[in-house]
Every structure is written in structure tokens, then in C-alpha cells.
Amino acid sequence: MKKKGYDLVPYVNHFGETPEKGWSAYWDSPRYSSGYTSLWSTFSFTPETHMLKPYKQRVESTKALAECFIEYTSKHCNEILDLREETKKQVFSQTKFPLAWKIDRSQSVPITYKGFEAGHKPSQVSGQPRLYYDRSKPFEVDVPFYNFYRDTLSVEKPKAYIIPQGWWKVIDRLQANNVQMRKLTKDTSVEVQCYRIESYQASPRPYEGHHLNTAVKVSVQTKTMNFRKGDWYIPLNQVANRFLMETLEPQSEDSYFAWNFFDPILGQKEGYSDYAFEDIAAEYLKNNPDLKTKLEQRRSNDSAFAKNGRAQLDFVYQNSPYFEPAYLQYPVYRVK
């Protein structure tokens, strides 16, 4: 591209004041095209020509970049294909997958930044100081580019996932990505790992038509579950392994849970009538002294709780077999 008269620079992921101190690599998680293709061991690029450049220059530079890609891949196609096949084999046999990342500012590489000197002057709108660039004073400077990330959460790959057939919006998306999966041919009992959503943060504002769930925390329990004929069994011995881990593990940044496809489990739908449950709760406490001890400890440690009869009744309900089992139960099960 330089020979064609164009300088490339990593996306200037800098906001606020001037970027002379450098910037971090843009985090292209799986929601972005370049992040998505990496889940399938595929090189991808998202070129961006600056919106303030003349349209003709933007078209010509994009055409030049496409020509460079074609020329490079023509020369190195065998090397690229070999590398991709080797990477697919590694993903196939990989036993643990990172699902969350954090920028590592202890590492960087120098890149050349070409810009204009910046200054401040009174805004003609507000009268307050505003940033401007003096296009008569160009300069070049080497700046640090922080393009190293380290993983902060890794999860062991299960043997398979099982998804009940009612979650068709997720199933449709897995099938659209050519994930290998099969229906159970009969009602089956399987020992699985079950996730319970212990906490999460729902975005207060919409993003791309969704309210993202973030900061997800889960607890894990192993138990035998009954699955129905027609539920989906998804083995993790396929090229889609990384895609499956990123979309079906609820703590992943761009999981289907993060993007609201499992939100029905976050609303409690069943309850009780106080007058009817009072006698049932009393009988249950009589037969379960451990829970009665927990209730008494909670009362002694929490004065507001001790004065709230409904809260105490609800405490018993939530710790009894009468409590809604699907509430906060993540409906994707891990076969170990």
C-alpha cells in the first residue's frame, strides 16, 4: 500500500485529547465481523477510510487495498491454507478456551503516527476552550500501540452441550453457522453440569436492538437431568468448537445469554399465596431443621429481615422444593 501511495495505520482507537501518547488496539470481539471470523480460523480485515477524506480518494484507496489482498493471497495461498488447517486442528483438540480478555499495557509496539499540531481556542458556540488541529503544522511521531491482550477467564471444554428444543432462536443460529448437532431420538436421562445465573448487569439502554447482559457470574452443579426426544445434542469434537464456547458459555462477552436470547429465565413466573403457604412452610421447617437454623441466623443478623414476615416466608420458599426450578437456571447443559 505504501508503494501505491497510501499509509496504513491501525484503527486510531483514541477518544478525547490528542493521540500522541498512543492508543490500544481496538477490541474486536465476536460481535464484529473480524472477531467473528477469528472464531472460524479465518483471516479478516475491516478497512476504514476516514469520513473526512474526499469520496474519490476513499474509493481509490479501498480498491488499492483489495488489489493488495488479492496479490498477497495469490502468492501465499498454500501457506495460508496450511496455517488455517493447522489452526483448525488445534481448535478441534483444544481442551480449554479463554472467554474474557484485558488489555496488557506493559507491552506495546511502536508505530508512526502522522498528524497535525493541536491547540485550544474559545468555542464560538459555548465560549469554552475547544480542541482544534492546525493543518499548516503537520508532524510525524512514533507512538506506543498497545496490541497485547491477556485472558482473564478460561473455561474447560465439555464433551457436548444439550439444548432443549424450545430454545429455537438459538438453535436456528447454530444451524445457520453449520454447527454439527443431532436430535435425541428418545427421552433420555443424562448427567450434566448445570449453570445457575447468580448475578448479572443488564444494560439500561438498548444496543443494536438488545439490552446486553454483562458481568455474569454463575454457580455450577452436577446432576442428572431428563431430556426429551427432539432436544439437541451438540458434540464439541468439531471445527465449530471455539464458536460454540463463545456463544454458549454465558460468561462470554458475546454469548447468546449476553445478547438476551435466554432472558426468559431471568423473570420469576411462579409464586405462592401467603395464607396458603404459611402452613406448608411451617411444616417444611419442622422437617428440615438445617433450614430452620439458617432462618434463625438470618433473623439474628438482619434486624429488618427479622421484622418482615413476608421476607421470611419468601426465604423459606426460595430454599424449598416448591421454588420455581427454571428461574435463573441456564438452559444449556454441559455433558462431561
# chains A, B, ... in the order shown; residues from 1 in each chain; ligands from 1
>>> residues_around(residues="stretch 15-31 of chain A", least_positions_apart="4", cutoff="7 Å", atoms="only C-alpha atoms", output="PyMOL selection string")
chain A and resi 11+35-36+143-147+254
>>> residues_around(residues="A:Gln193", least_positions_apart="3", cutoff="8 Å", atoms="only C-alpha atoms", output="PyMOL selection string")
chain A and resi 220-223+333-336
>>> residues_around(residues="A:Lys292", least_positions_apart="3", cutoff="12 Å", atoms="only C-alpha atoms", output="list in words")
Ala281, Ala282, Glu283, Tyr284, Leu285, Lys286, Asn287, Asn288, Pro289, Leu295, Glu296, Gln297, Arg298, Arg299, Gln312, Leu313, Phe315, Val316, Asn319 and Ser320 of chain A
>>> write_last_selection(atoms="C-alpha atoms", output="mmCIF file, in the first residue's frame")
data_model
loop_
_atom_site.group_PDB
_atom_site.id
_atom_site.type_symbol
_atom_site.label_atom_id
_atom_site.label_comp_id
_atom_site.auth_asym_id
_atom_site.auth_seq_id
_atom_site.Cartn_x
_atom_site.Cartn_y
_atom_site.Cartn_z
ATOM 1 C CA ALA A 281 -43.676 -23.520 55.218
ATOM 2 C CA ALA A 282 -44.106 -24.264 58.908
ATOM 3 C CA GLU A 283 -44.321 -27.990 58.203
ATOM 4 C CA TYR A 284 -41.292 -27.814 55.922
ATOM 5 C CA LEU A 285 -39.225 -26.056 58.606
ATOM 6 C CA LYS A 286 -40.252 -28.704 61.129
ATOM 7 C CA ASN A 287 -38.953 -31.446 58.815
ATOM 8 C CA ASN A 288 -35.820 -29.538 57.766
ATOM 9 C CA PRO A 289 -34.020 -28.280 60.882
ATOM 10 C CA LEU A 295 -33.604 -18.773 59.046
ATOM 11 C CA GLU A 296 -32.871 -18.064 62.706
ATOM 12 C CA GLN A 297 -29.310 -16.981 61.892
ATOM 13 C CA ARG A 298 -30.598 -14.618 59.224
ATOM 14 C CA ARG A 299 -33.096 -13.137 61.683
ATOM 15 C CA GLN A 312 -39.001 -14.675 55.993
ATOM 16 C CA LEU A 313 -41.748 -16.622 54.269
ATOM 17 C CA PHE A 315 -36.768 -17.110 52.360
ATOM 18 C CA VAL A 316 -38.330 -20.463 53.168
ATOM 19 C CA ASN A 319 -34.976 -22.671 49.838
ATOM 20 C CA SER A 320 -37.706 -25.253 49.359
#
>>> atom_distance(atom1="atom CA of A:Thr188", atom2="atom CA of A:Ala326")
18.9 Å
>>> residues_around(residues="A:Leu184", least_positions_apart="5", cutoff="8 Å", atoms="only C-alpha atoms", output="JSON, numbers by chain")
{"A": [228, 229, 230, 231, 232, 233]}
